[in-house]
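protein-v5.cif, holding mmCIF, C-alpha atoms:
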```
data_data
#
loop_
_atom_site.group_PDB
_atom_site.id
_atom_site.type_symbol
_atom_site.label_atom_id
_atom_site.label_comp_id
_atom_site.auth_asym_id
_atom_site.auth_seq_id
_atom_site.Cartn_x
_atom_site.Cartn_y
_atom_site.Cartn_z
ATOM 1 C CA MET Y 1 -7.559 45.536 -36.835
ATOM 2 C CA THR Y 2 -6.039 46.314 -33.441
ATOM 3 C CA LEU Y 3 -3.320 48.787 -32.533
ATOM 4 C CA LEU Y 4 -1.020 45.807 -32.086
ATOM 5 C CA ASP Y 5 -1.709 44.731 -35.678
ATOM 6 C CA VAL Y 6 -1.004 48.231 -37.000
ATOM 7 C CA ILE Y 7 2.299 48.487 -35.150
ATOM 8 C CA ASN Y 8 3.386 45.055 -36.336
ATOM 9 C CA LEU Y 9 2.623 46.021 -39.937
ATOM 10 C CA ALA Y 10 4.636 49.221 -39.535
ATOM 11 C CA LEU Y 11 7.572 47.314 -38.057
ATOM 12 C CA ASP Y 12 7.389 44.778 -40.887
ATOM 13 C CA GLU Y 13 7.856 47.653 -43.327
ATOM 14 C CA ASP Y 14 10.947 48.864 -41.477
ATOM 15 C CA LEU Y 15 12.595 45.629 -40.389
ATOM 16 C CA ILE Y 16 11.611 42.853 -42.817
ATOM 17 C CA GLN Y 17 13.164 42.802 -46.270
ATOM 18 C CA PRO Y 18 10.517 42.405 -48.995
ATOM 19 C CA GLN Y 19 10.586 39.640 -51.583
ATOM 20 C CA LEU Y 20 10.741 42.149 -54.451
ATOM 21 C CA ASP Y 21 12.660 45.370 -54.669
ATOM 22 C CA PRO Y 22 9.984 48.103 -54.270
ATOM 23 C CA ILE Y 23 12.265 50.831 -55.630
ATOM 24 C CA SER Y 24 14.023 49.598 -58.746
ATOM 25 C CA ALA Y 25 11.909 49.720 -61.888
ATOM 26 C CA SER Y 26 14.675 48.410 -64.140
ATOM 27 C CA THR Y 27 15.651 44.821 -64.780
ATOM 28 C CA GLU Y 28 19.138 45.613 -63.494
ATOM 29 C CA PRO Y 29 19.103 45.891 -59.675
ATOM 30 C CA PRO Y 30 21.485 48.290 -57.914
ATOM 31 C CA ALA Y 31 25.010 46.873 -57.855
ATOM 32 C CA HIS Y 32 25.291 46.957 -54.071
ATOM 33 C CA ARG Y 33 22.313 44.623 -53.637
ATOM 34 C CA ALA Y 34 22.457 40.887 -54.030
ATOM 35 C CA SER Y 35 19.675 39.700 -56.292
ATOM 36 C CA SER Y 36 18.519 36.761 -58.281
ATOM 37 C CA THR Y 37 17.879 36.732 -62.028
ATOM 38 C CA ASP Y 38 14.162 37.376 -61.461
ATOM 39 C CA GLY Y 39 14.843 40.718 -59.755
ATOM 40 C CA SER Y 40 14.020 39.615 -56.212
ATOM 41 C CA ILE Y 41 16.241 40.851 -53.414
ATOM 42 C CA GLN Y 42 18.038 38.055 -51.641
ATOM 43 C CA SER Y 43 18.483 38.185 -47.894
ATOM 44 C CA ASP Y 44 21.374 36.580 -46.101
ATOM 45 C CA ASP Y 45 19.304 36.575 -42.937
ATOM 46 C CA ALA Y 46 15.520 36.288 -42.598
ATOM 47 C CA ARG Y 47 15.507 37.918 -39.179
ATOM 48 C CA PRO Y 48 14.402 41.536 -38.652
ATOM 49 C CA VAL Y 49 17.358 43.857 -39.003
ATOM 50 C CA ASP Y 50 18.287 47.530 -38.706
ATOM 51 C CA LEU Y 51 21.395 47.836 -40.874
ATOM 52 C CA THR Y 52 22.450 51.306 -39.736
ATOM 53 C CA GLY Y 53 21.734 50.644 -36.089
ATOM 54 C CA SER Y 54 23.890 47.541 -36.210
ATOM 55 C CA LEU Y 55 26.918 49.773 -36.942
ATOM 56 C CA LEU Y 56 26.684 51.215 -33.431
ATOM 57 C CA GLU Y 57 27.967 49.659 -30.237
ATOM 58 C CA ASP Y 58 24.884 49.030 -28.164
ATOM 59 C CA HIS Y 59 24.671 50.705 -24.776
ATOM 60 C CA ASP Y 60 22.025 52.262 -22.562
ATOM 61 C CA VAL Y 61 20.923 55.808 -23.340
ATOM 62 C CA GLU Y 62 18.216 58.156 -22.163
ATOM 63 C CA LEU Y 63 16.319 60.244 -24.710
ATOM 64 C CA ALA Y 64 13.485 62.725 -24.322
ATOM 65 C CA LEU Y 65 10.316 62.877 -26.417
ATOM 66 C CA VAL Y 66 9.880 66.607 -26.983
ATOM 67 C CA ALA Y 67 7.279 68.765 -28.701
ATOM 68 C CA ARG Y 68 8.650 71.025 -31.416
ATOM 69 C CA ALA Y 69 5.361 72.837 -31.942
ATOM 70 C CA PRO Y 70 2.322 73.633 -29.788
ATOM 71 C CA GLY Y 71 -0.579 71.214 -29.838
ATOM 72 C CA VAL Y 72 -2.232 68.293 -28.056
ATOM 73 C CA PHE Y 73 -0.408 65.055 -27.248
ATOM 74 C CA VAL Y 74 -1.761 61.581 -28.064
ATOM 75 C CA GLY Y 75 0.414 58.475 -27.900
ATOM 76 C CA GLN Y 76 0.418 57.165 -24.361
ATOM 77 C CA GLN Y 77 -0.650 53.680 -25.477
ATOM 78 C CA VAL Y 78 1.289 53.669 -28.747
ATOM 79 C CA ILE Y 79 4.806 54.393 -27.512
ATOM 80 C CA PRO Y 80 5.250 51.551 -24.979
ATOM 81 C CA LEU Y 81 3.849 49.040 -27.488
ATOM 82 C CA VAL Y 82 6.203 50.162 -30.266
ATOM 83 C CA LEU Y 83 9.189 49.976 -27.928
ATOM 84 C CA ALA Y 84 8.239 46.535 -26.624
ATOM 85 C CA LEU Y 85 7.531 45.003 -30.036
ATOM 86 C CA THR Y 86 10.685 46.437 -31.600
ATOM 87 C CA ALA Y 87 12.895 45.203 -28.771
ATOM 88 C CA GLN Y 88 11.251 41.775 -28.904
ATOM 89 C CA ARG Y 89 11.874 41.448 -32.643
ATOM 90 C CA LEU Y 90 15.526 42.440 -32.391
ATOM 91 C CA GLY Y 91 16.297 40.545 -29.202
ATOM 92 C CA TYR Y 92 16.982 43.526 -26.925
ATOM 93 C CA GLU Y 93 15.635 44.380 -23.499
ATOM 94 C CA VAL Y 94 12.537 46.535 -23.650
ATOM 95 C CA PRO Y 95 13.362 50.243 -23.134
ATOM 96 C CA ASN Y 96 11.688 52.030 -20.261
ATOM 97 C CA TYR Y 97 9.055 54.638 -21.069
ATOM 98 C CA GLU Y 98 8.401 57.250 -18.387
ATOM 99 C CA ALA Y 99 5.383 59.382 -19.260
ATOM 100 C CA LEU Y 100 5.435 62.982 -18.107
ATOM 101 C CA LEU Y 101 2.164 63.864 -19.849
ATOM 102 C CA GLY Y 102 -0.956 61.934 -20.830
ATOM 103 C CA ASP Y 103 -3.253 61.813 -23.833
ATOM 104 C CA GLY Y 104 -5.116 65.079 -24.295
ATOM 105 C CA ASP Y 105 -2.554 67.201 -22.477
ATOM 106 C CA PRO Y 106 -1.642 70.499 -24.145
ATOM 107 C CA LEU Y 107 1.868 71.078 -25.437
ATOM 108 C CA GLU Y 108 4.039 74.078 -26.107
ATOM 109 C CA ALA Y 109 7.134 73.990 -28.281
ATOM 110 C CA THR Y 110 9.983 72.382 -26.240
ATOM 111 C CA THR Y 111 7.550 70.683 -23.803
ATOM 112 C CA LYS Y 112 9.056 67.404 -22.627
ATOM 113 C CA ILE Y 113 6.471 64.641 -23.017
ATOM 114 C CA ALA Y 114 8.351 61.569 -21.794
ATOM 115 C CA THR Y 115 11.762 60.008 -21.294
ATOM 116 C CA ILE Y 116 12.807 56.764 -22.956
ATOM 117 C CA SER Y 117 15.787 54.863 -21.606
ATOM 118 C CA GLY Y 118 17.441 51.592 -22.537
ATOM 119 C CA SER Y 119 19.140 49.954 -25.507
ATOM 120 C CA LEU Y 120 20.340 52.519 -28.064
ATOM 121 C CA ARG Y 121 19.790 50.087 -30.914
ATOM 122 C CA ALA Y 122 16.251 49.227 -29.808
ATOM 123 C CA ILE Y 123 15.244 52.869 -29.390
ATOM 124 C CA LEU Y 124 16.655 53.955 -32.749
ATOM 125 C CA ALA Y 125 14.962 51.052 -34.527
ATOM 126 C CA ALA Y 126 11.637 51.996 -32.923
ATOM 127 C CA GLU Y 127 11.993 55.744 -33.461
ATOM 128 C CA ARG Y 128 10.342 56.202 -36.849
ATOM 129 C CA THR Y 129 7.331 53.946 -36.198
ATOM 130 C CA LEU Y 130 6.888 55.575 -32.799
ATOM 131 C CA LEU Y 131 6.969 59.074 -34.266
ATOM 132 C CA ASN Y 132 4.883 58.267 -37.356
ATOM 133 C CA LEU Y 133 1.963 57.153 -35.209
ATOM 134 C CA THR Y 134 2.332 59.618 -32.355
ATOM 135 C CA CYS Y 135 2.831 62.688 -34.559
ATOM 136 C CA HIS Y 136 -0.216 61.738 -36.639
ATOM 137 C CA LEU Y 137 -2.522 61.079 -33.696
ATOM 138 C CA SER Y 138 -1.341 64.226 -31.922
ATOM 139 C CA GLY Y 139 -2.039 66.124 -35.143
ATOM 140 C CA VAL Y 140 -5.615 64.810 -35.196
ATOM 141 C CA ALA Y 141 -6.124 65.888 -31.586
ATOM 142 C CA THR Y 142 -4.545 69.281 -32.244
ATOM 143 C CA LEU Y 143 -6.761 70.059 -35.242
ATOM 144 C CA THR Y 144 -9.838 68.901 -33.306
ATOM 145 C CA ARG Y 145 -8.900 71.152 -30.378
ATOM 146 C CA THR Y 146 -8.569 74.091 -32.774
ATOM 147 C CA TYR Y 147 -12.108 73.549 -34.081
ATOM 148 C CA ALA Y 148 -13.574 72.819 -30.642
ATOM 149 C CA THR Y 149 -12.054 75.956 -29.160
ATOM 150 C CA LYS Y 150 -13.522 78.113 -31.920
ATOM 151 C CA VAL Y 151 -17.086 76.926 -31.178
ATOM 152 C CA ALA Y 152 -16.775 76.609 -27.394
ATOM 153 C CA HIS Y 153 -19.140 79.566 -26.856
ATOM 154 C CA THR Y 154 -21.936 77.641 -28.606
ATOM 155 C CA SER Y 155 -23.710 74.359 -27.889
ATOM 156 C CA ALA Y 156 -22.403 72.720 -31.075
ATOM 157 C CA LYS Y 157 -20.107 69.707 -30.790
ATOM 158 C CA ILE Y 158 -17.359 68.884 -33.270
ATOM 159 C CA ARG Y 159 -17.684 65.342 -34.639
ATOM 160 C CA ASP Y 160 -15.518 63.059 -36.725
ATOM 161 C CA THR Y 161 -16.585 60.856 -39.655
ATOM 162 C CA ARG Y 162 -15.653 57.469 -41.102
ATOM 163 C CA LYS Y 163 -13.027 59.144 -43.295
ATOM 164 C CA THR Y 164 -10.271 57.558 -41.276
ATOM 165 C CA THR Y 165 -6.949 55.895 -42.053
ATOM 166 C CA PRO Y 166 -7.508 52.143 -42.609
ATOM 167 C CA GLY Y 167 -6.465 50.296 -39.478
ATOM 168 C CA LEU Y 168 -6.338 53.410 -37.310
ATOM 169 C CA ARG Y 169 -10.018 54.224 -36.847
ATOM 170 C CA LEU Y 170 -10.188 53.535 -33.114
ATOM 171 C CA GLU Y 171 -6.943 55.402 -32.455
ATOM 172 C CA GLU Y 172 -7.973 58.394 -34.587
ATOM 173 C CA LYS Y 173 -11.386 58.584 -32.936
ATOM 174 C CA HIS Y 174 -9.665 58.424 -29.539
ATOM 175 C CA ALA Y 175 -7.492 61.343 -30.683
ATOM 176 C CA VAL Y 176 -10.621 63.300 -31.662
ATOM 177 C CA ARG Y 177 -11.990 62.835 -28.141
ATOM 178 C CA CYS Y 178 -8.643 63.923 -26.688
ATOM 179 C CA GLY Y 179 -8.939 67.105 -28.733
ATOM 180 C CA GLY Y 180 -12.379 67.918 -27.368
ATOM 181 C CA GLY Y 181 -14.508 66.431 -30.143
ATOM 182 C CA VAL Y 182 -17.092 63.657 -30.046
ATOM 183 C CA ASN Y 183 -17.370 60.539 -32.159
ATOM 184 C CA HIS Y 184 -19.848 59.732 -34.900
ATOM 185 C CA ARG Y 185 -20.374 56.105 -35.920
ATOM 186 C CA LEU Y 186 -17.518 53.672 -35.441
ATOM 187 C CA GLY Y 187 -18.690 51.725 -38.468
ATOM 188 C CA LEU Y 188 -21.645 50.758 -40.597
ATOM 189 C CA TRP Y 189 -22.906 48.455 -37.865
ATOM 190 C CA ASP Y 190 -23.738 50.798 -34.969
ATOM 191 C CA ALA Y 191 -26.226 53.292 -36.452
ATOM 192 C CA PHE Y 192 -28.356 53.924 -39.527
ATOM 193 C CA LEU Y 193 -27.327 56.818 -41.757
ATOM 194 C CA ILE Y 194 -29.624 57.013 -44.766
ATOM 195 C CA LYS Y 195 -27.886 59.069 -47.459
ATOM 196 C CA ASP Y 196 -28.620 60.112 -51.031
ATOM 197 C CA ASN Y 197 -27.138 56.914 -52.464
ATOM 198 C CA HIS Y 198 -29.574 54.894 -50.347
ATOM 199 C CA LEU Y 199 -32.501 57.123 -51.275
ATOM 200 C CA ALA Y 200 -31.759 56.522 -54.950
ATOM 201 C CA TYR Y 201 -32.970 52.941 -54.415
ATOM 202 C CA GLY Y 202 -35.774 53.365 -51.878
ATOM 203 C CA SER Y 203 -38.130 55.973 -50.461
ATOM 204 C CA LEU Y 204 -37.257 57.795 -47.255
ATOM 205 C CA ALA Y 205 -40.376 56.715 -45.369
ATOM 206 C CA ASP Y 206 -39.946 53.082 -46.408
ATOM 207 C CA LEU Y 207 -36.276 52.946 -45.428
ATOM 208 C CA VAL Y 208 -36.954 54.512 -42.036
ATOM 209 C CA THR Y 209 -39.781 52.045 -41.379
ATOM 210 C CA ARG Y 210 -37.575 49.108 -42.337
ATOM 211 C CA ALA Y 211 -34.738 50.391 -40.151
ATOM 212 C CA ARG Y 212 -37.015 50.571 -37.121
ATOM 213 C CA LEU Y 213 -38.315 47.063 -37.721
ATOM 214 C CA HIS Y 214 -34.840 45.656 -38.326
ATOM 215 C CA GLN Y 215 -32.976 47.261 -35.401
ATOM 216 C CA PRO Y 216 -35.361 49.292 -33.235
ATOM 217 C CA ALA Y 217 -32.680 50.232 -30.697
ATOM 218 C CA ARG Y 218 -30.315 51.728 -33.256
ATOM 219 C CA PRO Y 219 -30.336 55.494 -33.870
ATOM 220 C CA ILE Y 220 -31.487 56.656 -37.302
ATOM 221 C CA GLU Y 221 -29.987 59.621 -39.099
ATOM 222 C CA VAL Y 222 -31.083 60.885 -42.520
ATOM 223 C CA GLU Y 223 -29.113 63.121 -44.868
ATOM 224 C CA VAL Y 224 -31.010 65.951 -46.574
ATOM 225 C CA ASP Y 225 -29.799 68.276 -49.324
ATOM 226 C CA ASP Y 226 -32.485 70.966 -49.175
ATOM 227 C CA LEU Y 227 -35.289 72.342 -47.036
ATOM 228 C CA ASP Y 228 -38.019 70.364 -48.812
ATOM 229 C CA GLN Y 229 -36.273 67.117 -47.871
ATOM 230 C CA LEU Y 230 -35.852 68.468 -44.347
ATOM 231 C CA ASP Y 231 -39.588 69.056 -44.010
ATOM 232 C CA GLN Y 232 -40.275 65.459 -45.049
ATOM 233 C CA ALA Y 233 -37.624 64.015 -42.753
ATOM 234 C CA VAL Y 234 -38.571 65.907 -39.615
ATOM 235 C CA GLU Y 235 -42.102 64.458 -39.699
ATOM 236 C CA LEU Y 236 -40.675 60.926 -39.342
ATOM 237 C CA GLY Y 237 -39.541 61.399 -35.753
ATOM 238 C CA LEU Y 238 -35.863 60.793 -36.447
ATOM 239 C CA ASP Y 239 -33.033 60.909 -33.967
ATOM 240 C CA LEU Y 240 -30.868 63.111 -36.164
ATOM 241 C CA ILE Y 241 -30.966 64.906 -39.512
ATOM 242 C CA LEU Y 242 -27.789 65.630 -41.440
ATOM 243 C CA LEU Y 243 -27.750 68.925 -43.331
ATOM 244 C CA ASP Y 244 -25.441 68.249 -46.239
ATOM 245 C CA ASN Y 245 -23.463 71.036 -47.932
ATOM 246 C CA MET Y 246 -25.832 73.842 -46.966
ATOM 247 C CA ASP Y 247 -24.820 77.475 -46.612
ATOM 248 C CA VAL Y 248 -25.167 79.295 -43.300
ATOM 249 C CA ASP Y 249 -28.455 81.016 -44.199
ATOM 250 C CA THR Y 250 -30.059 77.701 -45.175
ATOM 251 C CA ILE Y 251 -28.762 76.049 -42.004
ATOM 252 C CA SER Y 252 -30.289 78.872 -39.939
ATOM 253 C CA GLU Y 253 -33.639 78.363 -41.659
ATOM 254 C CA ALA Y 254 -33.408 74.604 -41.029
ATOM 255 C CA VAL Y 255 -32.900 75.193 -37.307
ATOM 256 C CA LYS Y 256 -35.985 77.447 -37.230
ATOM 257 C CA ARG Y 257 -38.120 74.893 -39.067
ATOM 258 C CA VAL Y 258 -37.098 71.948 -36.876
ATOM 259 C CA ARG Y 259 -37.735 73.860 -33.625
ATOM 260 C CA GLY Y 260 -35.874 71.331 -31.510
ATOM 261 C CA ARG Y 261 -37.916 68.339 -32.657
ATOM 262 C CA CYS Y 262 -34.728 66.431 -33.492
ATOM 263 C CA ARG Y 263 -31.010 67.025 -33.402
ATOM 264 C CA LEU Y 264 -29.290 68.563 -36.407
ATOM 265 C CA GLU Y 265 -25.847 67.866 -37.783
ATOM 266 C CA VAL Y 266 -23.974 69.838 -40.449
ATOM 267 C CA SER Y 267 -21.545 68.199 -42.845
ATOM 268 C CA GLY Y 268 -19.735 69.266 -45.997
ATOM 269 C CA GLY Y 269 -17.784 72.406 -46.765
ATOM 270 C CA VAL Y 270 -16.871 73.093 -43.127
ATOM 271 C CA SER Y 271 -13.592 74.910 -42.509
ATOM 272 C CA LEU Y 272 -11.942 76.984 -39.804
ATOM 273 C CA ASP Y 273 -13.170 80.046 -41.701
ATOM 274 C CA ASN Y 274 -16.881 79.228 -41.463
ATOM 275 C CA VAL Y 275 -17.238 76.886 -38.482
ATOM 276 C CA VAL Y 276 -18.151 79.689 -36.058
ATOM 277 C CA PRO Y 277 -21.162 81.080 -38.000
ATOM 278 C CA ILE Y 278 -22.301 77.490 -38.602
ATOM 279 C CA ALA Y 279 -22.127 76.713 -34.886
ATOM 280 C CA GLU Y 280 -23.933 79.929 -34.003
ATOM 281 C CA THR Y 281 -27.017 78.834 -35.986
ATOM 282 C CA GLY Y 282 -27.857 76.461 -33.122
ATOM 283 C CA VAL Y 283 -27.065 73.088 -34.728
ATOM 284 C CA ASP Y 284 -26.081 70.247 -32.416
ATOM 285 C CA TYR Y 285 -23.154 68.718 -34.302
ATOM 286 C CA ILE Y 286 -20.660 69.723 -36.970
ATOM 287 C CA ALA Y 287 -19.038 66.746 -38.723
ATOM 288 C CA ILE Y 288 -15.584 67.333 -40.211
ATOM 289 C CA GLY Y 289 -13.825 64.632 -42.226
ATOM 290 C CA ALA Y 290 -10.617 66.679 -42.282
ATOM 291 C CA LEU Y 291 -10.062 65.944 -38.585
ATOM 292 C CA THR Y 292 -8.790 62.522 -39.571
ATOM 293 C CA HIS Y 293 -8.102 62.535 -43.300
ATOM 294 C CA SER Y 294 -6.270 65.859 -43.553
ATOM 295 C CA ALA Y 295 -4.854 66.721 -40.142
ATOM 296 C CA PRO Y 296 -1.213 67.839 -40.381
ATOM 297 C CA ILE Y 297 1.139 66.004 -38.075
ATOM 298 C CA LEU Y 298 2.254 67.592 -34.832
ATOM 299 C CA ASP Y 299 6.034 67.864 -34.906
ATOM 300 C CA LEU Y 300 7.526 65.752 -32.099
ATOM 301 C CA GLY Y 301 11.063 64.442 -31.817
ATOM 302 C CA LEU Y 302 13.400 62.215 -29.813
ATOM 303 C CA ASP Y 303 16.250 64.318 -28.469
ATOM 304 C CA ASP Y 304 19.349 63.449 -26.477
ATOM 305 C CA ARG Y 305 18.865 64.671 -22.951
#
```
The structure given in the file should be rewritten as structure tokens.
Amino acid sequence: MTLLDVINLALDEDLIQPQLDPISASTEPPAHRASSTDGSIQSDDARPVDLTGSLLEDHDVELALVARAPGVFVGQQVIPLVLALTAQRLGYEVPNYEALLGDGDPLEATTKIATISGSLRAILAAERTLLNLTCHLSGVATLTRTYATKVAHTSAKIRDTRKTTPGLRLEEKHAVRCGGGVNHRLGLWDAFLIKDNHLAYGSLADLVTRARLHQPARPIEVEVDDLDQLDQAVELGLDLILLDNMDVDTISEAVKRVRGRCRLEVSGGVSLDNVVPIAETGVDYIAIGALTHSAPILDLGLDDR
């Protein structure tokens, strides 16, 4: 799914009336809505529509996209696309987007990010989709920057996972990079990661051998839960070993045992409270699913200049 697909889905939710009323659970629809006997909501017009915006006389305005909290901005590609697609659907001229900052730039509260000028109706119809995506992606970058800054005195890199929002993986991983992190796999297709659920149905040595025969150019990573598994894995000449849900003392011992023979990644139970001692053990990567699945939004808003 592309960014264009995601934006179109979001605009469908805002501008296209659904066949069935998603709110009413009763057989009697609200009195102010026209409906058929089967409970479906009837539309007088199949075209996209913004009911509240249509109450306003359309004219050109200029609004500012402003940060309301400190963080890292991401949305340079999103905003022009949302504006263009919204205007196209509603039959207005495309508003002009003038970027004052780019993806990855730091923000303070009240920092002006961009100006948007053009049709009032088009901008107001685009506002929520624009902010939903931009606030989320900026939140991902901001949380990543927080983690990356904490471990900047070490050699450890902060990495994302596949715990991403469906449809937004590429955008969220871009946001991680903007925040100073690095990307793990994009999908199941670009690297081997042999985990406990795989090892329940095949031996480690056999699966590694088969991986090398099947796709010799692909990196191979193996997840281990304890030091005994680590000792077995390190003898296989792997690219990377994932230390899963280990405490700091065990991670430190793992680093000593491996002695640089392969890269080490930590995953599971990582938080802002313990990321520094984990990084100081000497591991190469720290994978954090929360970067994408639990990042709070960064508060941004469209304000009248």
Dump as a Markdown table the rows for residues of region 144-235 of chain Y within 8 Å of region 293-296 of chain Y: closest atom pair and distance in Å with one decimal, all atoms listed in the file counted, ordered by chain and rising residue number.
```
| residue | atom | partner | partner_atom | distance |
| --- | --- | --- | --- | --- |
| Y:Lys163 | CA | Y:His293 | CA | 6.0 |
| Y:Thr164 | CA | Y:His293 | CA | 5.8 |
| Y:Thr165 | CA | Y:His293 | CA | 6.9 |
```
Please produce an output containing C-alpha atoms for each residue in the selection, written as a PDB file, in the frame of the given file.
```
ATOM      1  CA  LYS Y 163     -13.027  59.144 -43.295  1.00  0.00           C
ATOM      2  CA  THR Y 164     -10.271  57.558 -41.276  1.00  0.00           C
ATOM      3  CA  THR Y 165      -6.949  55.895 -42.053  1.00  0.00           C
TER       4      THR Y 165
END
```
Spatial neighbours of Arg218 (chain Y), 10 Å, all atoms listed in the file, chain gap at least 5 places, as a tab-separated table (two decimals) with C-alpha atoms, in the frame of the given file:
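Output contents, as saved in part07.tsv:
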```tsv
chain	number	residue	atom	x	y	z
Y	189	TRP	CA	-22.91	48.46	-37.86
Y	190	ASP	CA	-23.74	50.80	-34.97
Y	191	ALA	CA	-26.23	53.29	-36.45
Y	192	PHE	CA	-28.36	53.92	-39.53
Y	211	ALA	CA	-34.74	50.39	-40.15
Y	212	ARG	CA	-37.02	50.57	-37.12
Y	239	ASP	CA	-33.03	60.91	-33.97
```
**Prompt:** When the PyMOL selection byres ((chain Y and resi 262-275) around 6) is applied to the file above, which residues end up in the set, as JSON, numbers by chain?
**Reply:** {"Y": [239, 240, 241, 242, 243, 244, 245, 260, 261, 276, 277, 278, 283, 284, 285, 286, 287]}
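For the point (7.8, 54.2, -31.0) in file coordinates, the residues within 7 Å, using only C-alpha atoms, are Y:Val78, Y:Ile79, Y:Val82, Y:Leu83, Y:Ala126, Y:Glu127, Y:Arg128, Y:Thr129, Y:Leu130, Y:Leu131.
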**Request:** Please identify all polymer residues within 10 Å of Asp103 (chain Y), counting all atoms listed in the file, omitting same-chain residues fewer than 5 positions from it, and present them as a count of residues only.
**Result:** 14
**Request:** With a distance cut-off of 7 Å and all atoms listed in the file, select the neighbouring residues of Gly301 (chain Y), excluding the residue or stretch itself and same-chain residues fewer than 6 positions from it, and output the selection as a PyMOL selection string.
**Result:** chain Y and resi 65-67
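As for CA of Ala64 (chain Y) and CA of Ala114 (chain Y), they are spaced 5.8 Å apart.
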**Request:** Would you work out the distance separating CA of Asp196 (chain Y) from CA of Leu230 (chain Y), expressed in Å to one decimal?
**Result:**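 Between CA of Asp196 (chain Y) and CA of Leu230 (chain Y) the gap works out to 12.9 Å.
Taking all atoms listed in the file into account, Ala148 (chain Y) lies nearest to Y:Val176 out of the set Y:Ala122, Y:Thr292, Y:Val176, Y:Asn132.
Proximity to Thr86 (chain Y) at 9 Å, evaluated using only C-alpha atoms and with sequence-adjacent residues fewer than 2 positions away removed, yields Asn8, Leu11, Leu81, Val82, Leu83, Ala84, Gln88, Arg89, Leu90, Gly91, Tyr92, Val94, Ala122, Ile123, Ala125 and Ala126 of chain Y.
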For the residues in that selection, give me C-alpha atoms as a PDB file, keeping the file's coordinate frame.
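This went into result_24.pdb:
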```pdb
ATOM      1  CA  ASN Y   8       3.386  45.055 -36.336  1.00  0.00           C
ATOM      2  CA  LEU Y  11       7.572  47.314 -38.057  1.00  0.00           C
ATOM      3  CA  LEU Y  81       3.849  49.040 -27.488  1.00  0.00           C
ATOM      4  CA  VAL Y  82       6.203  50.162 -30.266  1.00  0.00           C
ATOM      5  CA  LEU Y  83       9.189  49.976 -27.928  1.00  0.00           C
ATOM      6  CA  ALA Y  84       8.239  46.535 -26.624  1.00  0.00           C
ATOM      7  CA  GLN Y  88      11.251  41.775 -28.904  1.00  0.00           C
ATOM      8  CA  ARG Y  89      11.874  41.448 -32.643  1.00  0.00           C
ATOM      9  CA  LEU Y  90      15.526  42.440 -32.391  1.00  0.00           C
ATOM     10  CA  GLY Y  91      16.297  40.545 -29.202  1.00  0.00           C
ATOM     11  CA  TYR Y  92      16.982  43.526 -26.925  1.00  0.00           C
ATOM     12  CA  VAL Y  94      12.537  46.535 -23.650  1.00  0.00           C
ATOM     13  CA  ALA Y 122      16.251  49.227 -29.808  1.00  0.00           C
ATOM     14  CA  ILE Y 123      15.244  52.869 -29.390  1.00  0.00           C
ATOM     15  CA  ALA Y 125      14.962  51.052 -34.527  1.00  0.00           C
ATOM     16  CA  ALA Y 126      11.637  51.996 -32.923  1.00  0.00           C
TER      17      ALA Y 126
END
```
**Message:** Please compute the CA of Val234 (chain Y)-CA of His153 (chain Y) distance, one decimal, in Å.
**Reply:**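 Between CA of Val234 (chain Y) and CA of His153 (chain Y) the gap works out to 27.0 Å.
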